[in-house]
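**Q** This one is protein_22.cif, mmCIF, C-alpha atoms and all ligand atoms.
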```
data_final
loop_
_atom_site.label_atom_id
_atom_site.label_comp_id
_atom_site.auth_asym_id
_atom_site.auth_seq_id
_atom_site.Cartn_x
_atom_site.Cartn_y
_atom_site.Cartn_z
CA MET A 809 0.00 0.00 0.00
CA ARG A 810 1.17 3.49 -0.79
CA VAL A 811 -0.20 6.81 0.46
CA TRP A 812 0.63 10.28 -0.86
CA SER A 813 -0.33 13.58 0.70
CA PHE A 814 -0.85 16.00 -2.16
CA ALA A 815 -2.21 18.88 -0.09
CA SER A 816 -3.69 19.36 3.36
CA GLY A 817 -5.22 22.39 5.04
CA SER A 818 -7.94 24.99 4.69
CA ASP A 819 -6.70 25.83 1.17
CA GLY A 820 -7.48 22.34 -0.10
CA ASN A 821 -7.01 18.68 0.75
CA CYS A 822 -6.17 15.66 -1.38
CA TYR A 823 -4.59 12.26 -0.69
CA LEU A 824 -3.92 9.35 -3.01
CA ILE A 825 -4.00 5.74 -1.83
CA GLU A 826 -2.91 2.80 -3.95
CA SER A 827 -2.60 -0.91 -3.41
CA GLU A 828 -2.03 -3.65 -5.96
CA GLY A 829 -3.40 -1.64 -8.87
CA THR A 830 -6.37 -0.03 -7.09
CA ALA A 831 -6.03 3.73 -6.61
CA ILE A 832 -8.45 6.11 -4.89
CA LEU A 833 -8.44 9.77 -3.97
CA VAL A 834 -9.46 10.79 -0.49
CA GLU A 835 -10.68 14.42 -0.80
CA CYS A 836 -10.65 16.43 -4.00
CA GLY A 837 -10.27 19.93 -2.62
CA ARG A 838 -7.51 21.50 -4.76
CA PRO A 839 -8.09 22.99 -8.22
CA TYR A 840 -8.85 20.29 -10.79
CA VAL A 841 -5.80 20.94 -12.99
CA GLN A 842 -3.45 20.67 -10.01
CA ILE A 843 -4.92 17.33 -8.96
CA ARG A 844 -4.73 16.01 -12.51
CA ASP A 845 -1.08 17.13 -12.79
CA PHE A 846 -0.26 15.56 -9.43
CA LEU A 847 -1.73 12.23 -10.60
CA GLU A 848 0.22 12.47 -13.85
CA ARG A 849 3.48 13.06 -11.96
CA THR A 850 2.66 10.12 -9.72
CA GLY A 851 2.02 7.88 -12.74
CA VAL A 852 -1.71 7.39 -12.07
CA ASP A 853 -4.15 7.79 -14.99
CA PRO A 854 -7.17 9.72 -13.61
CA ASP A 855 -9.51 7.57 -15.74
CA THR A 856 -8.40 4.47 -13.82
CA LEU A 857 -9.20 5.79 -10.32
CA ALA A 858 -11.61 3.47 -8.50
CA GLY A 859 -13.25 6.26 -6.51
CA ILE A 860 -13.10 9.66 -4.86
CA PHE A 861 -13.83 9.38 -1.14
CA LEU A 862 -15.00 12.60 0.50
CA THR A 863 -15.04 13.12 4.26
CA HIS A 864 -17.44 16.07 4.05
CA ALA A 865 -18.76 18.82 1.79
CA HIS A 866 -16.67 21.81 2.93
CA GLY A 867 -15.02 23.34 -0.14
CA ASP A 868 -11.45 22.64 0.96
CA HIS A 869 -12.31 18.91 0.71
CA SER A 870 -14.81 18.74 -2.14
CA ARG A 871 -14.06 21.72 -4.43
CA SER A 872 -13.16 19.74 -7.60
CA ALA A 873 -14.96 16.46 -6.85
CA ARG A 874 -18.00 17.09 -9.05
CA TYR A 875 -15.97 18.15 -12.08
CA PHE A 876 -13.32 15.46 -11.64
CA SER A 877 -15.96 12.77 -11.27
CA LYS A 878 -17.83 13.87 -14.40
CA GLU A 879 -14.69 14.34 -16.49
CA HIS A 880 -13.18 10.95 -15.67
CA ARG A 881 -16.32 8.95 -14.79
CA VAL A 882 -15.01 8.27 -11.28
CA PRO A 883 -17.66 7.57 -8.62
CA ILE A 884 -17.81 9.70 -5.46
CA TYR A 885 -18.17 7.74 -2.22
CA SER A 886 -19.49 9.71 0.73
CA SER A 887 -22.34 10.10 3.21
CA VAL A 888 -25.84 10.96 2.03
CA GLY A 889 -25.35 14.37 3.68
CA THR A 890 -22.21 15.14 1.68
CA LEU A 891 -23.57 13.81 -1.61
CA GLY A 892 -26.71 15.91 -1.15
CA ALA A 893 -24.61 19.07 -0.77
CA LEU A 894 -22.66 18.32 -3.97
CA HIS A 895 -25.77 18.41 -6.21
CA LEU A 896 -24.36 15.93 -8.72
CA ALA A 897 -25.85 16.39 -12.19
CA ASP A 898 -25.30 12.68 -12.85
CA ARG A 899 -26.51 10.98 -9.69
CA SER A 900 -25.24 7.59 -10.91
CA LEU A 901 -21.74 8.82 -9.98
CA GLY A 902 -22.68 9.13 -6.28
CA ARG A 903 -22.20 6.16 -3.94
CA ALA A 904 -23.67 6.66 -0.47
CA VAL A 905 -21.67 5.07 2.33
CA GLN A 906 -22.49 4.65 6.01
CA SER A 907 -20.40 4.83 9.14
CA GLY A 908 -19.54 1.41 10.55
CA ARG A 909 -19.84 -0.55 7.30
CA THR A 910 -17.02 -1.76 5.06
CA TYR A 911 -16.91 -1.10 1.31
CA GLN A 912 -14.69 -3.13 -0.98
CA VAL A 913 -13.28 -1.08 -3.84
CA GLY A 914 -10.89 -3.20 -5.89
CA GLN A 915 -8.09 -4.29 -3.56
CA LEU A 916 -9.06 -1.77 -0.86
CA ASP A 917 -11.53 -2.16 2.00
CA VAL A 918 -12.77 1.23 3.15
CA GLN A 919 -14.54 1.70 6.45
CA PRO A 920 -16.13 5.12 7.00
CA PHE A 921 -16.59 6.36 10.56
CA ALA A 922 -18.60 9.35 11.80
CA VAL A 923 -16.68 12.34 13.19
CA PRO A 924 -17.94 15.47 15.03
CA HIS A 925 -17.67 18.49 12.69
CA ASP A 926 -19.95 21.36 11.63
CA CYS A 927 -21.16 19.82 8.37
CA HIS A 928 -23.77 17.25 7.26
CA GLU A 929 -22.66 13.71 8.18
CA PRO A 930 -18.88 14.18 8.15
CA LEU A 931 -16.72 11.04 8.04
CA GLY A 932 -13.21 9.73 8.46
CA PHE A 933 -11.93 6.68 6.58
CA ARG A 934 -10.04 3.57 7.63
CA ILE A 935 -8.54 1.86 4.60
CA GLU A 936 -7.17 -1.66 4.62
CA ALA A 937 -5.50 -3.81 2.00
CA GLY A 938 -3.49 -7.01 2.11
CA SER A 939 -0.41 -4.83 2.20
CA GLY A 940 -1.27 -2.23 4.82
CA ARG A 941 -3.72 -0.35 7.03
CA ALA A 942 -4.17 3.41 7.09
CA ALA A 943 -6.75 5.91 8.37
CA ILE A 944 -7.45 9.54 7.57
CA ALA A 945 -9.27 11.77 10.05
CA THR A 946 -9.23 15.55 9.75
CA ASP A 947 -11.83 18.20 10.55
CA LEU A 948 -13.09 16.91 13.86
CA GLY A 949 -13.71 18.89 17.03
CA TRP A 950 -12.74 16.05 19.36
CA VAL A 951 -12.07 12.32 19.26
CA PRO A 952 -14.98 10.19 20.50
CA HIS A 953 -14.43 6.53 21.37
CA ASN A 954 -15.80 5.24 18.03
CA VAL A 955 -13.15 7.31 16.26
CA ALA A 956 -10.26 6.53 18.63
CA ARG A 957 -10.92 2.81 18.06
CA GLN A 958 -10.21 3.27 14.34
CA PHE A 959 -6.67 4.45 15.12
CA ARG A 960 -5.56 1.13 16.63
CA ASP A 961 -3.27 -1.30 14.79
CA LEU A 962 -2.61 1.03 11.86
CA ASP A 963 0.53 1.25 9.76
CA LEU A 964 -0.18 4.92 9.04
CA LEU A 965 -2.50 7.41 10.72
CA VAL A 966 -3.17 10.74 8.99
CA LEU A 967 -4.63 12.84 11.81
CA GLU A 968 -5.59 16.48 12.09
CA ALA A 969 -3.38 18.68 14.28
CA ASN A 970 -5.06 21.96 13.42
CA TYR A 971 -4.05 24.45 16.07
CA ASP A 972 -1.92 25.32 19.03
CA PRO A 973 -4.32 26.68 21.71
CA HIS A 974 -1.99 29.54 22.68
CA LEU A 975 -1.48 30.68 19.06
CA LEU A 976 -5.24 30.49 18.45
CA GLU A 977 -6.02 32.43 21.61
CA THR A 978 -3.53 35.22 20.90
CA GLY A 979 -3.93 35.21 17.10
CA ALA A 980 -5.80 37.46 14.71
CA TYR A 981 -8.97 35.38 14.26
CA PRO A 982 -12.20 37.11 15.35
CA SER A 983 -13.59 35.58 18.54
CA PHE A 984 -16.53 33.82 16.84
CA LEU A 985 -14.03 32.01 14.60
CA LYS A 986 -11.79 31.14 17.55
CA ARG A 987 -14.81 29.61 19.27
CA ARG A 988 -15.74 27.67 16.14
CA VAL A 989 -12.22 26.24 15.62
CA ALA A 990 -11.86 25.19 19.28
CA GLY A 991 -15.48 23.98 19.60
CA THR A 992 -16.63 20.36 19.72
CA TYR A 993 -17.66 20.55 16.05
CA GLY A 994 -14.56 22.42 14.92
CA HIS A 995 -10.98 21.26 14.64
CA LEU A 996 -8.48 19.19 16.61
CA SER A 997 -5.66 20.81 18.59
CA ASN A 998 -2.12 19.44 18.64
CA GLY A 999 -2.61 18.19 22.20
CA ALA A 1000 -5.94 16.50 21.47
CA ALA A 1001 -4.41 14.72 18.47
CA ALA A 1002 -1.54 13.49 20.63
CA GLN A 1003 -3.91 12.27 23.37
CA ALA A 1004 -5.92 10.28 20.83
CA ILE A 1005 -2.76 8.55 19.59
CA ALA A 1006 -1.57 7.93 23.16
CA LEU A 1007 -4.91 6.26 23.99
CA CYS A 1008 -4.02 3.48 21.54
CA GLY A 1009 -1.25 2.37 23.92
CA ASP A 1010 0.70 -0.59 22.54
CA ARG A 1011 -1.69 -0.68 19.57
CA ALA A 1012 -0.57 2.80 18.44
CA PRO A 1013 0.00 3.47 14.72
CA GLN A 1014 3.42 2.61 13.28
CA ALA A 1015 3.67 6.09 11.74
CA VAL A 1016 1.74 9.36 12.02
CA TRP A 1017 1.26 12.26 9.63
CA LEU A 1018 -0.10 15.38 11.30
CA ALA A 1019 -2.45 17.03 8.80
CA HIS A 1020 -4.71 20.03 8.16
CA LEU A 1021 -2.37 22.34 10.13
CA SER A 1022 -3.65 25.89 10.37
CA GLU A 1023 -1.36 28.44 8.74
CA GLU A 1024 -2.52 31.09 11.23
CA ASN A 1025 -2.72 29.14 14.46
CA ASN A 1026 -0.08 26.44 14.13
CA SER A 1027 3.28 25.56 12.61
CA PRO A 1028 4.97 22.23 11.84
CA LYS A 1029 7.38 22.98 14.71
CA HIS A 1030 4.59 23.57 17.26
CA ALA A 1031 2.69 20.47 16.10
CA ILE A 1032 5.69 18.12 16.17
CA GLN A 1033 6.96 19.44 19.52
CA THR A 1034 3.62 19.09 21.31
CA VAL A 1035 2.73 15.71 19.86
CA SER A 1036 6.24 14.27 20.40
CA ARG A 1037 6.28 15.45 24.02
CA ILE A 1038 2.95 13.79 24.82
CA LEU A 1039 3.83 10.59 22.96
CA ARG A 1040 7.19 10.35 24.78
CA ARG A 1041 5.40 10.74 28.11
CA ASN A 1042 3.18 7.83 27.13
CA GLY A 1043 6.02 5.55 26.08
CA LEU A 1044 5.41 6.15 22.37
CA GLY A 1045 8.47 8.27 21.59
CA HIS A 1046 9.49 5.78 18.89
CA VAL A 1047 6.48 6.57 16.64
CA PRO A 1048 7.74 8.64 13.67
CA ILE A 1049 5.77 11.87 13.16
CA LYS A 1050 5.73 14.08 10.07
CA THR A 1051 3.64 17.04 8.97
CA THR A 1052 1.81 17.40 5.66
CA HIS A 1053 2.28 20.49 3.49
CA HIS A 1054 -0.56 22.90 2.66
CA ARG A 1055 -0.16 22.98 -1.11
CA ARG A 1056 2.59 20.57 -2.01
CA SER A 1057 2.96 16.82 -2.32
CA ASN A 1058 5.59 16.43 0.42
CA LEU A 1059 4.93 12.98 1.92
CA ARG A 1060 4.77 9.49 0.51
CA TRP A 1061 4.46 6.36 2.60
CA THR A 1062 4.93 2.76 1.46
CA SER A 1063 3.92 -0.18 3.62
CA SER A 1064 6.81 -2.27 4.83
CA VAL A 1065 7.88 -5.33 2.89
CA ALA A 1066 7.83 -7.21 6.18
CA ARG A 1067 4.05 -7.01 6.41
CA GLU A 1068 3.62 -8.13 2.80
CA ARG A 1069 5.93 -11.09 3.40
CA GLN A 1070 4.06 -12.02 6.56
CA LEU A 1071 0.73 -12.30 4.78
CA PRO A 1072 1.05 -15.86 3.42
CA LEU A 1073 1.54 -17.10 7.00
CA PHE A 1074 -1.93 -15.90 7.89
CA ALA A 1075 -3.67 -16.58 4.58
ZN ZN B 1101 -11.03 21.26 6.12
ZN ZN B 1102 -14.42 21.10 7.39
#
```
Can I see the file as structure tokens?
Ligand SMILES: [Zn+2]
Ligand SMILES: [Zn+2]

**A**
Amino acid sequence: MRVWSFASGSDGNCYLIESEGTAILVECGRPYVQIRDFLERTGVDPDTLAGIFLTHAHGDHSRSARYFSKEHRVPIYSSVGTLGALHLADRSLGRAVQSGRTYQVGQLDVQPFAVPHDCHEPLGFRIEAGSGRAAIATDLGWVPHNVARQFRDLDLLVLEANYDPHLLETGAYPSFLKRRVAGTYGHLSNGAAAQAIALCGDRAPQAVWLAHLSEENNSPKHAIQTVSRILRRNGLGHVPIKTTHHRRSNLRWTSSVARERQLPLFA
């Protein structure tokens, strides 16, 4: 399994996941041409994508989904709430998914899970293949138990670390926006992200990407420092942590050969 972060943040989100010939996008929130070029550079033909999975309808996640889907005949998988907000001209391209169920798309099994955010039926996704297990959860105000459970036994967790509380508090945002970001249906702070990982204990993810960092109220340095400190305190200092970039494809992860070699033993 391979995972690329193409972009992550309030200016647009997009990830690519591939395993054994099946490729999907999670989020389609950057301009269409940029996503198409990114796929070209990565060697993925947009016409061959098995699906576009959307966590929710906010523009930074869904901006180009409708056009991309129509142009390349790629189905959009998301909640009824998100699909409703997209107003697809060709409804046959929409695939409604529900939290708690598993959807097989080629070689990938995708399990959506509900997250608390100020949008209609927002989701996160856990994605499993023979060669790896990953989950993506951004845009959530806090981490309920049903969500924390999805973070266990992963090879890669892509988790929101949106803001540093001190930077948010002292920053330039108007107070209504500060309240929204820090609210239970807003975004996840660096500390809350770290606590959710720490809760996994010895079933913590093998690697973590901190995502959807605010450009105003956070920095890669703040996010890494806070999360590393809390993980070290919880005996998880060995977990490698990286931060995604707002508008650039800066991270690529490939599942370890060890796991792929182990598979026949359990087949
Ligand atoms: Zn967002
Ligand atoms: Zn959002």

**Q** Could you list the protein, DNA and RNA residues that have any atom within 9 Å of ligand ZN 1102 (chain B), counting all atoms listed in the file, and write them as an mmCIF file with C-alpha atoms, in the coordinates of the input?

**A**
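This is the output file pocket-v5.cif:
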```cif
data_model
loop_
_atom_site.group_PDB
_atom_site.id
_atom_site.type_symbol
_atom_site.label_atom_id
_atom_site.label_comp_id
_atom_site.auth_asym_id
_atom_site.auth_seq_id
_atom_site.Cartn_x
_atom_site.Cartn_y
_atom_site.Cartn_z
ATOM 1 C CA SER A 818 -7.940 24.990 4.690
ATOM 2 C CA THR A 863 -15.040 13.120 4.260
ATOM 3 C CA HIS A 864 -17.440 16.070 4.050
ATOM 4 C CA ALA A 865 -18.760 18.820 1.790
ATOM 5 C CA HIS A 866 -16.670 21.810 2.930
ATOM 6 C CA GLY A 867 -15.020 23.340 -0.140
ATOM 7 C CA ASP A 868 -11.450 22.640 0.960
ATOM 8 C CA HIS A 869 -12.310 18.910 0.710
ATOM 9 C CA HIS A 925 -17.670 18.490 12.690
ATOM 10 C CA ASP A 926 -19.950 21.360 11.630
ATOM 11 C CA CYS A 927 -21.160 19.820 8.370
ATOM 12 C CA PRO A 930 -18.880 14.180 8.150
ATOM 13 C CA THR A 946 -9.230 15.550 9.750
ATOM 14 C CA ASP A 947 -11.830 18.200 10.550
ATOM 15 C CA LEU A 948 -13.090 16.910 13.860
ATOM 16 C CA GLY A 994 -14.560 22.420 14.920
ATOM 17 C CA HIS A 995 -10.980 21.260 14.640
#
```

**Q** So which residues touch A:Ser1057 within 9 Å, counting only C-alpha atoms, skipping near sequence neighbours fewer than 5 positions away, as a compact mmCIF listing (two decimals) with C-alpha atoms, in the frame of the given file?

**A**
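Everything below was put into part-v5.txt:
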```txt
# COMPACT_ATOMS: atom_id res chain seq x y z
CA TRP A 812 0.63 10.28 -0.86
CA SER A 813 -0.33 13.58 0.70
CA PHE A 814 -0.85 16.00 -2.16
CA ALA A 815 -2.21 18.88 -0.09
CA TYR A 823 -4.59 12.26 -0.69
CA PHE A 846 -0.26 15.56 -9.43
CA THR A 1052 1.81 17.40 5.66
```

**Q** Pick from A:Leu985, A:Leu975, A:Ile884, A:Leu1021: nearest to ligand ZN 1101 (chain B), with all atoms listed in the file counted?

**A**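 So, comparing all the options, the nearest one is A:Leu1021.
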
**Q** Considering only C-alpha atoms, can you say which of A:Ala873, A:Leu1044, A:Val1035, A:Leu857 comes closest to A:Gly837?

**A**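 When distances to A:Gly837 are compared using only C-alpha atoms, the smallest one comes from A:Ala873.
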
**Q** Enter the distance from atom CA of A:Arg934 to atom CA of A:Asp917, in Å, rounded to one decimal.

**A**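 Here the two named atoms are 8.2 Å from each other.
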
**Q** Within 7 Å of (1.1, -0.1, 15.7) (coordinates as in the file), grab all the protein and nucleic acid residues, counting all atoms listed in the file, and write them out as a list in words.

**A** Arg960, Asp961, Leu962, Asp963, Asp1010, Arg1011, Ala1012, Pro1013 and Gln1014 of chain A

**Q** Which is closer to ligand ZN 1101 (chain B) than all the others in A:Ala1019, A:Ala980, A:Ala893, A:Ile832, using only C-alpha atoms and all ligand atoms?

**A**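 Residue with the minimum atom-to-atom distance to ligand ZN 1101 (chain B): A:Ala1019.
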
**Q** Using Å and a single decimal, report how far atom CA of A:Tyr911 sits from atom CA of A:Tyr885.

**A**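 Atom-to-atom, atom CA of A:Tyr885 to atom CA of A:Tyr911, that is 9.6 Å.
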
**Q** Choose the residue, out of A:Ile825, A:Val1016, A:Cys1008, A:Val918, that has the smallest atom-to-atom separation from A:Val966; count all atoms listed in the file.

**A**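 Of all the options, A:Val1016 lies closest to A:Val966.
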
**Q** Counting only C-alpha atoms, which residue out of A:Ser939, A:Arg810, A:Gly979, A:Ser997 sits closest to A:Val951?

**A**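 Of all the options, A:Ser997 lies closest to A:Val951.
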
**Q** Between A:Asp819, A:Asp972, A:Glu828, A:Asp845, which has the minimum distance to A:Gly914 (counting all atoms listed in the file)?

**A**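 Of A:Asp819, A:Asp972, A:Glu828, A:Asp845, the one nearest A:Gly914, counting all atoms listed in the file, is A:Glu828.
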
**Q** Could you pull out every residue with an atom within 9 Å of (-19.4, 3.5, 17.5), file coordinates, counting all atoms listed in the file, and send them as a ChimeraX atom specification?

**A** /A:907-908,921-922,952-955,957

**Q** Just give me the gap between atom CA of A:Arg844 and atom CA of A:Arg1060 in Å, one decimal is fine.

**A**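 One can read the atom CA of A:Arg844 to atom CA of A:Arg1060 distance as 17.4 Å.
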
**Q** I'd like the neighbourhood of A:Gly902 as a PyMOL selection string, where a residue qualifies if any of its atoms comes within 12 Å (using only C-alpha atoms), though same-chain residues fewer than 6 positions away should be ignored.

**A** chain A and resi 859-862+873-874+877-878+881-896

**Q** Is there a way to complete stretch 899-910 of chain A with all heavy atoms and then write that out as a PDB file, in the frame of the given file?

**A**
```pdb
ATOM      1  N   ARG A 899     -26.448  11.593 -11.010  1.00  0.00           N
ATOM      2  CA  ARG A 899     -26.510  10.980  -9.690  1.00  0.00           C
ATOM      3  C   ARG A 899     -25.931   9.560  -9.664  1.00  0.00           C
ATOM      4  O   ARG A 899     -25.630   9.020  -8.601  1.00  0.00           O
ATOM      5  CB  ARG A 899     -27.961  10.937  -9.206  1.00  0.00           C
ATOM      6  CG  ARG A 899     -28.394  12.295  -8.711  1.00  0.00           C
ATOM      7  CD  ARG A 899     -29.885  12.381  -8.553  1.00  0.00           C
ATOM      8  NE  ARG A 899     -30.181  13.449  -7.615  1.00  0.00           N
ATOM      9  CZ  ARG A 899     -30.803  13.248  -6.454  1.00  0.00           C
ATOM     10  NH1 ARG A 899     -31.207  12.058  -6.108  1.00  0.00           N
ATOM     11  NH2 ARG A 899     -31.038  14.264  -5.661  1.00  0.00           N
ATOM     12  N   SER A 900     -25.789   8.955 -10.873  1.00  0.00           N
ATOM     13  CA  SER A 900     -25.240   7.590 -10.910  1.00  0.00           C
ATOM     14  C   SER A 900     -23.772   7.581 -10.481  1.00  0.00           C
ATOM     15  O   SER A 900     -23.210   6.529 -10.197  1.00  0.00           O
ATOM     16  CB  SER A 900     -25.374   6.992 -12.315  1.00  0.00           C
ATOM     17  OG  SER A 900     -24.483   7.650 -13.194  1.00  0.00           O
ATOM     18  N   LEU A 901     -23.147   8.764 -10.408  1.00  0.00           N
ATOM     19  CA  LEU A 901     -21.740   8.820  -9.980  1.00  0.00           C
ATOM     20  C   LEU A 901     -21.609   8.927  -8.454  1.00  0.00           C
ATOM     21  O   LEU A 901     -20.508   8.903  -7.928  1.00  0.00           O
ATOM     22  CB  LEU A 901     -21.037  10.010 -10.646  1.00  0.00           C
ATOM     23  CG  LEU A 901     -20.741   9.828 -12.135  1.00  0.00           C
ATOM     24  CD1 LEU A 901     -20.294  11.139 -12.774  1.00  0.00           C
ATOM     25  CD2 LEU A 901     -19.684   8.749 -12.361  1.00  0.00           C
ATOM     26  N   GLY A 902     -22.708   9.043  -7.747  1.00  0.00           N
ATOM     27  CA  GLY A 902     -22.680   9.130  -6.280  1.00  0.00           C
ATOM     28  C   GLY A 902     -22.874   7.760  -5.647  1.00  0.00           C
ATOM     29  O   GLY A 902     -23.746   6.998  -6.057  1.00  0.00           O
ATOM     30  N   ARG A 903     -22.065   7.428  -4.676  1.00  0.00           N
ATOM     31  CA  ARG A 903     -22.200   6.160  -3.940  1.00  0.00           C
ATOM     32  C   ARG A 903     -22.315   6.500  -2.451  1.00  0.00           C
ATOM     33  O   ARG A 903     -21.311   6.914  -1.851  1.00  0.00           O
ATOM     34  CB  ARG A 903     -20.989   5.257  -4.138  1.00  0.00           C
ATOM     35  CG  ARG A 903     -20.624   4.975  -5.581  1.00  0.00           C
ATOM     36  CD  ARG A 903     -21.341   3.720  -6.104  1.00  0.00           C
ATOM     37  NE  ARG A 903     -20.722   3.269  -7.322  1.00  0.00           N
ATOM     38  CZ  ARG A 903     -20.926   3.835  -8.530  1.00  0.00           C
ATOM     39  NH1 ARG A 903     -21.711   4.885  -8.636  1.00  0.00           N
ATOM     40  NH2 ARG A 903     -20.333   3.336  -9.596  1.00  0.00           N
ATOM     41  N   ALA A 904     -23.481   6.319  -1.891  1.00  0.00           N
ATOM     42  CA  ALA A 904     -23.670   6.660  -0.470  1.00  0.00           C
ATOM     43  C   ALA A 904     -23.049   5.579   0.410  1.00  0.00           C
ATOM     44  O   ALA A 904     -23.260   4.389   0.186  1.00  0.00           O
ATOM     45  CB  ALA A 904     -25.151   6.791  -0.189  1.00  0.00           C
ATOM     46  N   VAL A 905     -22.272   6.014   1.386  1.00  0.00           N
ATOM     47  CA  VAL A 905     -21.670   5.070   2.330  1.00  0.00           C
ATOM     48  C   VAL A 905     -22.105   5.443   3.755  1.00  0.00           C
ATOM     49  O   VAL A 905     -22.486   6.578   4.020  1.00  0.00           O
ATOM     50  CB  VAL A 905     -20.129   5.053   2.239  1.00  0.00           C
ATOM     51  CG1 VAL A 905     -19.666   4.619   0.860  1.00  0.00           C
ATOM     52  CG2 VAL A 905     -19.526   6.418   2.600  1.00  0.00           C
ATOM     53  N   GLN A 906     -22.051   4.435   4.634  1.00  0.00           N
ATOM     54  CA  GLN A 906     -22.490   4.650   6.010  1.00  0.00           C
ATOM     55  C   GLN A 906     -21.367   4.344   6.989  1.00  0.00           C
ATOM     56  O   GLN A 906     -20.588   3.404   6.761  1.00  0.00           O
ATOM     57  CB  GLN A 906     -23.644   3.704   6.337  1.00  0.00           C
ATOM     58  CG  GLN A 906     -24.966   4.119   5.745  1.00  0.00           C
ATOM     59  CD  GLN A 906     -26.026   3.047   5.976  1.00  0.00           C
ATOM     60  OE1 GLN A 906     -25.920   2.258   6.908  1.00  0.00           O
ATOM     61  NE2 GLN A 906     -27.025   3.030   5.116  1.00  0.00           N
ATOM     62  N   SER A 907     -21.364   5.087   8.073  1.00  0.00           N
ATOM     63  CA  SER A 907     -20.400   4.830   9.140  1.00  0.00           C
ATOM     64  C   SER A 907     -20.592   3.412   9.670  1.00  0.00           C
ATOM     65  O   SER A 907     -21.714   2.938   9.814  1.00  0.00           O
ATOM     66  CB  SER A 907     -20.659   5.849  10.256  1.00  0.00           C
ATOM     67  OG  SER A 907     -19.898   5.538  11.374  1.00  0.00           O
ATOM     68  N   GLY A 908     -19.474   2.733   9.920  1.00  0.00           N
ATOM     69  CA  GLY A 908     -19.540   1.410  10.550  1.00  0.00           C
ATOM     70  C   GLY A 908     -19.615   0.253   9.575  1.00  0.00           C
ATOM     71  O   GLY A 908     -19.497  -0.898   9.975  1.00  0.00           O
ATOM     72  N   ARG A 909     -19.824   0.535   8.280  1.00  0.00           N
ATOM     73  CA  ARG A 909     -19.840  -0.550   7.300  1.00  0.00           C
ATOM     74  C   ARG A 909     -18.527  -0.557   6.524  1.00  0.00           C
ATOM     75  O   ARG A 909     -17.772   0.407   6.557  1.00  0.00           O
ATOM     76  CB  ARG A 909     -21.021  -0.362   6.347  1.00  0.00           C
ATOM     77  CG  ARG A 909     -22.351  -0.525   7.080  1.00  0.00           C
ATOM     78  CD  ARG A 909     -23.517  -0.434   6.149  1.00  0.00           C
ATOM     79  NE  ARG A 909     -23.502  -1.502   5.136  1.00  0.00           N
ATOM     80  CZ  ARG A 909     -24.486  -1.690   4.260  1.00  0.00           C
ATOM     81  NH1 ARG A 909     -25.533  -0.900   4.269  1.00  0.00           N
ATOM     82  NH2 ARG A 909     -24.408  -2.662   3.384  1.00  0.00           N
ATOM     83  N   THR A 910     -18.259  -1.669   5.832  1.00  0.00           N
ATOM     84  CA  THR A 910     -17.020  -1.760   5.060  1.00  0.00           C
ATOM     85  C   THR A 910     -17.360  -1.874   3.582  1.00  0.00           C
ATOM     86  O   THR A 910     -18.263  -2.622   3.212  1.00  0.00           O
ATOM     87  CB  THR A 910     -16.188  -2.980   5.512  1.00  0.00           C
ATOM     88  OG1 THR A 910     -15.911  -2.838   6.904  1.00  0.00           O
ATOM     89  CG2 THR A 910     -14.869  -3.072   4.757  1.00  0.00           C
TER      90      THR A 910
END
```
